[in-house]
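Quick look at structure_0.cif (mmCIF, C-alpha atoms):
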data_entry
loop_
_atom_site.label_atom_id
_atom_site.label_comp_id
_atom_site.auth_asym_id
_atom_site.auth_seq_id
_atom_site.Cartn_x
_atom_site.Cartn_y
_atom_site.Cartn_z
CA MET D 1 41.65 -30.97 -53.68
CA ALA D 2 40.63 -33.75 -51.29
CA SER D 3 38.81 -31.34 -48.98
CA SER D 4 36.93 -29.65 -51.83
CA THR D 5 35.64 -32.99 -53.18
CA SER D 6 34.55 -34.33 -49.77
CA SER D 7 32.46 -31.27 -48.67
CA PRO D 8 29.27 -31.98 -50.74
CA ALA D 9 28.82 -35.42 -49.17
CA PRO D 10 27.46 -34.34 -45.74
CA ARG D 11 25.11 -31.80 -47.39
CA SER D 12 23.47 -34.51 -49.51
CA ARG D 13 23.00 -36.70 -46.39
CA SER D 14 21.31 -33.91 -44.35
CA ARG D 15 18.65 -33.20 -46.99
CA LYS D 16 16.99 -36.63 -46.66
CA PRO D 17 16.09 -36.49 -42.95
CA LEU D 18 14.94 -32.86 -43.27
CA GLY D 19 12.65 -33.80 -46.15
CA ARG D 20 11.24 -36.76 -44.24
CA MET D 21 10.63 -34.59 -41.16
CA ALA D 22 8.76 -32.00 -43.24
CA ASP D 23 6.58 -34.74 -44.73
CA TRP D 24 5.83 -36.08 -41.22
CA PHE D 25 4.73 -32.64 -40.01
CA ARG D 26 2.47 -32.20 -43.03
CA GLN D 27 0.82 -35.57 -42.36
CA ALA D 28 0.38 -34.80 -38.65
CA LEU D 29 -1.23 -31.43 -39.36
CA SER D 30 -3.58 -32.89 -41.95
CA LYS D 31 -4.73 -35.60 -39.47
CA LYS D 32 -5.51 -33.01 -36.78
CA ALA D 33 -7.52 -30.95 -39.24
CA THR D 34 -9.67 -33.95 -40.19
CA LYS D 35 -10.25 -35.00 -36.58
CA THR D 36 -11.76 -31.70 -35.42
CA PRO D 37 -13.91 -30.21 -38.18
CA VAL D 38 -15.65 -26.96 -37.38
CA SER D 39 -18.89 -26.02 -39.10
CA PRO D 40 -19.42 -22.31 -39.74
CA GLU D 41 -23.18 -22.86 -39.30
CA CYS D 42 -22.91 -23.95 -35.67
CA SER D 43 -22.14 -21.70 -32.75
CA PRO D 44 -22.16 -22.21 -28.96
CA SER D 45 -25.27 -20.07 -28.62
CA ASP D 46 -27.17 -22.41 -30.96
CA VAL D 47 -26.55 -25.33 -28.61
CA SER D 48 -27.09 -23.68 -25.24
CA GLN D 49 -30.21 -21.70 -26.15
CA PRO D 50 -32.84 -23.90 -27.85
CA SER D 51 -35.82 -22.12 -29.34
CA SER D 52 -38.36 -24.90 -28.71
CA ARG D 53 -40.66 -22.64 -26.67
CA ASP D 54 -41.25 -20.43 -29.70
CA SER D 55 -42.58 -23.15 -31.97
CA PRO D 56 -44.94 -25.78 -30.51
CA PRO D 57 -45.12 -29.03 -32.50
CA PRO D 58 -48.19 -30.12 -34.47
CA LEU D 59 -51.12 -31.43 -32.47
CA GLY D 60 -51.28 -35.15 -31.87
CA PRO D 61 -52.33 -37.77 -29.34
CA CYS D 62 -50.79 -37.04 -25.97
CA SER D 63 -50.18 -40.73 -25.37
CA GLU D 64 -47.53 -40.66 -28.10
CA ALA D 65 -45.64 -37.75 -26.57
CA SER D 66 -44.37 -39.50 -23.49
CA SER D 67 -44.52 -43.01 -22.08
CA THR D 68 -43.24 -41.92 -18.66
CA PRO D 69 -46.04 -41.40 -16.14
CA THR D 70 -46.16 -38.16 -14.20
CA PRO D 71 -45.19 -38.78 -10.55
CA ARG D 72 -48.11 -38.29 -8.18
CA ARG D 73 -47.79 -35.75 -5.41
CA ALA D 74 -47.81 -37.01 -1.85
CA GLY D 75 -51.23 -37.19 -0.26
CA ALA D 76 -53.14 -37.30 -3.54
CA GLU D 77 -54.70 -40.70 -2.85
CA SER D 78 -55.73 -39.88 0.71
CA SER D 79 -57.52 -36.64 -0.21
CA LEU D 80 -61.31 -36.31 -0.43
CA GLY D 81 -62.24 -37.62 2.98
CA GLY D 82 -62.85 -41.29 2.23
CA GLY D 83 -59.56 -41.91 0.48
CA GLY D 84 -59.39 -43.86 -2.74
CA SER D 85 -57.28 -45.93 -5.06
CA SER D 86 -55.93 -44.92 -8.44
CA SER D 87 -56.45 -48.50 -9.60
CA GLY D 88 -60.22 -48.02 -9.39
CA GLY D 89 -62.50 -46.05 -11.68
CA GLY D 90 -64.12 -42.66 -11.36
CA ARG D 91 -62.11 -39.87 -9.83
CA TRP D 92 -59.15 -42.04 -8.95
CA SER D 93 -58.58 -43.23 -12.50
CA LYS D 94 -56.42 -40.14 -13.08
CA ASP D 95 -53.62 -38.57 -11.07
CA TYR D 96 -55.08 -35.05 -11.02
CA ASP D 97 -58.52 -33.47 -10.84
CA VAL D 98 -57.52 -30.21 -12.49
CA CYS D 99 -54.77 -29.06 -14.84
CA VAL D 100 -54.37 -25.28 -14.78
CA CYS D 101 -53.17 -23.95 -18.16
CA HIS D 102 -51.72 -20.46 -17.98
CA SER D 103 -49.05 -18.20 -19.44
CA GLU D 104 -45.78 -17.40 -17.68
CA GLU D 105 -46.86 -13.86 -16.86
CA ASP D 106 -50.03 -15.17 -15.16
CA LEU D 107 -48.20 -17.48 -12.77
CA ALA D 108 -49.26 -15.54 -9.67
CA ALA D 109 -52.94 -15.74 -10.63
CA ALA D 110 -52.59 -19.45 -11.39
CA GLN D 111 -51.03 -20.06 -7.97
CA GLU D 112 -53.92 -18.24 -6.29
CA LEU D 113 -56.42 -20.39 -8.16
CA VAL D 114 -54.60 -23.59 -7.23
CA SER D 115 -54.45 -22.57 -3.57
CA TYR D 116 -58.19 -21.88 -3.62
CA LEU D 117 -59.03 -25.25 -5.21
CA GLU D 118 -56.70 -27.28 -3.02
CA GLY D 119 -58.02 -25.56 0.12
CA HIS D 120 -61.52 -26.90 -0.47
CA ALA D 121 -62.85 -29.70 1.73
CA ALA D 122 -62.63 -32.03 -1.26
CA ARG D 123 -58.89 -31.31 -1.48
CA LEU D 124 -58.84 -31.11 -5.25
CA ARG D 125 -55.64 -32.40 -6.80
CA CYS D 126 -54.24 -29.69 -9.07
CA PHE D 127 -51.43 -29.78 -11.62
CA LEU D 128 -49.37 -26.59 -11.75
CA GLN D 129 -46.60 -26.78 -14.30
CA LEU D 130 -43.93 -24.91 -12.35
CA ARG D 131 -44.52 -27.04 -9.26
CA ASP D 132 -45.47 -30.46 -10.61
CA ALA D 133 -43.63 -30.87 -13.92
CA THR D 134 -40.77 -33.37 -13.91
CA PRO D 135 -37.37 -31.59 -13.79
CA GLY D 136 -35.53 -32.17 -17.04
CA GLY D 137 -38.65 -33.37 -18.83
CA ALA D 138 -39.42 -32.26 -22.36
CA ILE D 139 -41.91 -29.40 -22.57
CA VAL D 140 -44.23 -31.14 -25.01
CA SER D 141 -44.21 -34.40 -23.03
CA GLU D 142 -44.93 -32.63 -19.75
CA LEU D 143 -47.79 -30.56 -21.17
CA CYS D 144 -49.41 -33.54 -22.85
CA GLN D 145 -48.94 -35.78 -19.82
CA ALA D 146 -50.55 -33.15 -17.59
CA LEU D 147 -53.60 -32.92 -19.84
CA SER D 148 -54.08 -36.66 -20.18
CA SER D 149 -53.57 -37.22 -16.43
CA SER D 150 -56.21 -34.67 -15.37
CA HIS D 151 -60.01 -34.89 -15.37
CA CYS D 152 -60.61 -31.16 -15.93
CA ARG D 153 -58.59 -28.42 -17.64
CA VAL D 154 -58.92 -24.83 -16.51
CA LEU D 155 -57.81 -22.38 -19.19
CA LEU D 156 -56.77 -19.09 -17.57
CA ILE D 157 -57.49 -16.92 -20.60
CA THR D 158 -55.78 -13.54 -20.35
CA PRO D 159 -53.95 -11.25 -22.80
CA GLY D 160 -50.80 -13.19 -21.96
CA PHE D 161 -52.55 -16.50 -22.66
CA LEU D 162 -53.55 -15.35 -26.15
CA ARG D 163 -49.99 -14.22 -26.92
CA ASP D 164 -48.36 -17.44 -25.73
CA PRO D 165 -48.10 -20.10 -28.49
CA TRP D 166 -47.75 -22.86 -25.89
CA CYS D 167 -51.03 -21.83 -24.23
CA ARG D 168 -52.77 -22.05 -27.56
CA TYR D 169 -51.17 -25.45 -28.08
CA GLN D 170 -52.56 -26.68 -24.74
CA MET D 171 -55.99 -25.27 -25.52
CA LEU D 172 -56.22 -26.98 -28.90
CA GLN D 173 -54.78 -30.20 -27.51
CA ALA D 174 -57.39 -30.25 -24.73
CA LEU D 175 -60.18 -29.68 -27.24
CA SER D 176 -58.89 -32.39 -29.58
CA GLU D 177 -58.75 -34.95 -26.77
CA ALA D 178 -62.26 -34.37 -25.45
CA PRO D 179 -64.24 -32.23 -27.92
CA GLY D 180 -67.65 -33.33 -26.62
CA ALA D 181 -66.96 -33.74 -22.90
CA GLU D 182 -69.13 -31.14 -21.21
CA GLY D 183 -67.62 -29.56 -18.13
CA ARG D 184 -64.16 -31.00 -18.64
CA THR D 185 -62.64 -27.88 -20.21
CA ILE D 186 -63.37 -24.77 -18.14
CA PRO D 187 -62.38 -21.37 -19.59
CA LEU D 188 -61.72 -18.66 -17.00
CA MET D 189 -61.45 -15.31 -18.78
CA SER D 190 -59.82 -12.37 -17.07
CA GLY D 191 -58.75 -8.95 -18.33
CA LEU D 192 -60.37 -9.40 -21.74
CA SER D 193 -63.57 -8.31 -23.43
CA ARG D 194 -66.10 -10.79 -24.78
CA ALA D 195 -64.94 -9.98 -28.30
CA ALA D 196 -61.47 -11.34 -27.46
CA TYR D 197 -62.84 -14.74 -26.43
CA PRO D 198 -61.07 -17.36 -28.61
CA ALA D 199 -63.17 -18.52 -31.55
CA GLU D 200 -62.25 -22.15 -30.81
CA LEU D 201 -64.14 -21.91 -27.49
CA ARG D 202 -67.26 -20.11 -28.70
CA PHE D 203 -69.33 -23.29 -28.34
CA MET D 204 -68.89 -23.33 -24.54
CA TYR D 205 -69.62 -20.85 -21.73
CA PHE D 206 -66.74 -19.23 -19.88
CA VAL D 207 -66.34 -18.13 -16.27
CA ASP D 208 -66.13 -14.38 -15.90
CA GLY D 209 -63.11 -13.49 -13.79
CA ARG D 210 -64.25 -9.94 -13.04
CA GLY D 211 -66.13 -10.96 -9.89
CA PRO D 212 -64.93 -10.40 -6.31
CA ASP D 213 -63.38 -13.87 -6.09
CA GLY D 214 -62.01 -13.83 -9.63
CA GLY D 215 -64.41 -16.57 -10.70
CA PHE D 216 -62.64 -19.13 -8.51
CA ARG D 217 -65.86 -20.34 -6.85
CA GLN D 218 -67.52 -21.05 -10.20
CA VAL D 219 -64.46 -22.95 -11.37
CA GLN D 220 -64.48 -25.00 -8.18
CA GLU D 221 -68.18 -25.83 -8.55
CA ALA D 222 -67.67 -26.84 -12.19
CA VAL D 223 -64.84 -29.21 -11.27
CA LEU D 224 -66.80 -30.77 -8.40
CA ARG D 225 -69.82 -31.18 -10.68
CA TYR D 226 -67.75 -33.04 -13.24
CA LEU D 227 -66.13 -35.28 -10.62
CA GLN D 228 -69.55 -36.17 -9.20
CA SER D 229 -70.67 -37.24 -12.66
CA LEU D 230 -67.88 -39.85 -12.69
CA SER D 231 -69.20 -41.73 -9.66
#
Render the structure in this file as structure tokens.
Amino acid sequence: MASSTSSPAPRSRSRKPLGRMADWFRQALSKKATKTPVSPECSPSDVSQPSSRDSPPPLGPCSEASSTPTPRRAGAESSLGGGGSSSGGGRWSKDYDVCVCHSEEDLAAAQELVSYLEGHAARLRCFLQLRDATPGGAIVSELCQALSSSHCRVLLITPGFLRDPWCRYQMLQALSEAPGAEGRTIPLMSGLSRAAYPAELRFMYFVDGRGPDGGFRQVQEAVLRYLQSLS
């Protein structure tokens, strides 16, 4: 009889620690779940592949896009024979003489144009996005900074240019900055008919790129003419 009455005692003692341990595990699991929430709307591909290139922002003053100046390429101040100082006026008030606006598929043609312009005796200072943009810089800031830091803007208008929303953004931004500055925006049309010429540029003449030199000489003369008007 003594053994039968004493057997329930250890069972009642073992239930308390097991119940406490189960409660502790439930609390620990609930804390982990609250510390690392996972949203079903977010995936790794959304973070690593931004779609900013597909949707340019609204037009606005380029000075608001970036307060960081574009670094000047070596030799820019010593070009054009007599040298110069960026602290003065005229040509040296800006870091670049020309900003070449082009689509990605027209990079080779843009590089040829830049080589032609920089090979002139005046050693024109050209901005080419792939070469001169700041690594890690925001696309909008770099595009706006390039436009505001250049005297002239050459628009390499091709079928690819018309399809690229960022090219259209640069074109409209250039026109909004200097709508009445004659000779500052220079359209170079290649591979398109006159009917495809953008309506926003109908008030200015374009350089026909179907010539033997691709219109490069006319672009060069237009840039030099504008720079001479600054002095």
Closest of D:Glu221, D:Glu118, D:Glu112, D:Asp106 to D:Gly183 - atom-to-atom distances counting all atoms listed in the file: D:Glu221
Straight-line distance linking atom CA of D:Leu188 with atom CA of D:Val219, stated in Å to one decimal: 7.6 Å
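By chain and then residue number, the residues within 9 Å of D:Val100 are Ala110, Leu113, Val114, Cys126, Phe127, Leu128, Gln129, Cys152, Arg153, Val154, Leu155 and Leu156 of chain D, counting all atoms listed in the file and disregarding those fewer than 3 positions away in sequence.
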D:Leu224, D:Ile157, D:Leu147, D:Phe203 ranked by distance to D:Glu177, top pick (using all atoms listed in the file): D:Leu147
Output check: residues returned by the PyMOL selection byres ((chain D and resi 171) around 12), as a PyMOL selection string: chain D and resi 59+99-103+143-144+147+153-157+161-162+164-170+172-179+185-187+198-201
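Separating atom CA of D:Gly211 from atom CA of D:Leu192 is a distance of 13.3 Å.
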Who sits within 9 Å of D:Lys94, all atoms listed in the file, same chain under 2 positions skipped, as a PyMOL selection string: chain D and resi 86+89-92+96-97+148-151
Atoms to include: C-alpha atoms. Write the selected residues as a PDB file, in the coordinates of the input.
ATOM      1  CA  SER D  86     -55.930 -44.920  -8.440  1.00  0.00           C
ATOM      2  CA  GLY D  89     -62.500 -46.050 -11.680  1.00  0.00           C
ATOM      3  CA  GLY D  90     -64.120 -42.660 -11.360  1.00  0.00           C
ATOM      4  CA  ARG D  91     -62.110 -39.870  -9.830  1.00  0.00           C
ATOM      5  CA  TRP D  92     -59.150 -42.040  -8.950  1.00  0.00           C
ATOM      6  CA  TYR D  96     -55.080 -35.050 -11.020  1.00  0.00           C
ATOM      7  CA  ASP D  97     -58.520 -33.470 -10.840  1.00  0.00           C
ATOM      8  CA  SER D 148     -54.080 -36.660 -20.180  1.00  0.00           C
ATOM      9  CA  SER D 149     -53.570 -37.220 -16.430  1.00  0.00           C
ATOM     10  CA  SER D 150     -56.210 -34.670 -15.370  1.00  0.00           C
ATOM     11  CA  HIS D 151     -60.010 -34.890 -15.370  1.00  0.00           C
TER      12      HIS D 151
END
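Among D:Arg210, D:Ala121, D:Gln220, D:Ala133, the residue with the shortest atom-to-atom distance to D:Val98, counting only C-alpha atoms, is D:Gln220.
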Calculate, to one decimal in Å, the centre and edge lengths of the box along x, y and z of the file that holds all listed atoms of stretch 141-154 of chain D with 3 Å of margin on each side, and present them as JSON.
{"center_x": -52.4, "center_y": -31.0, "center_z": -19.2, "size_x": 22.4, "size_y": 18.4, "size_z": 13.7}
Shortest interatomic distance to D:Ser190 - which of D:Gly137, D:Gly209, D:Gly160, D:Gly215, counting all atoms listed in the file: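 With all atoms listed in the file as the atom set, the closest residue is D:Gly209.
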Pairwise distance for atom CA of D:Val223 and atom CA of D:Ser115, rounded to one decimal in Å: 14.5 Å
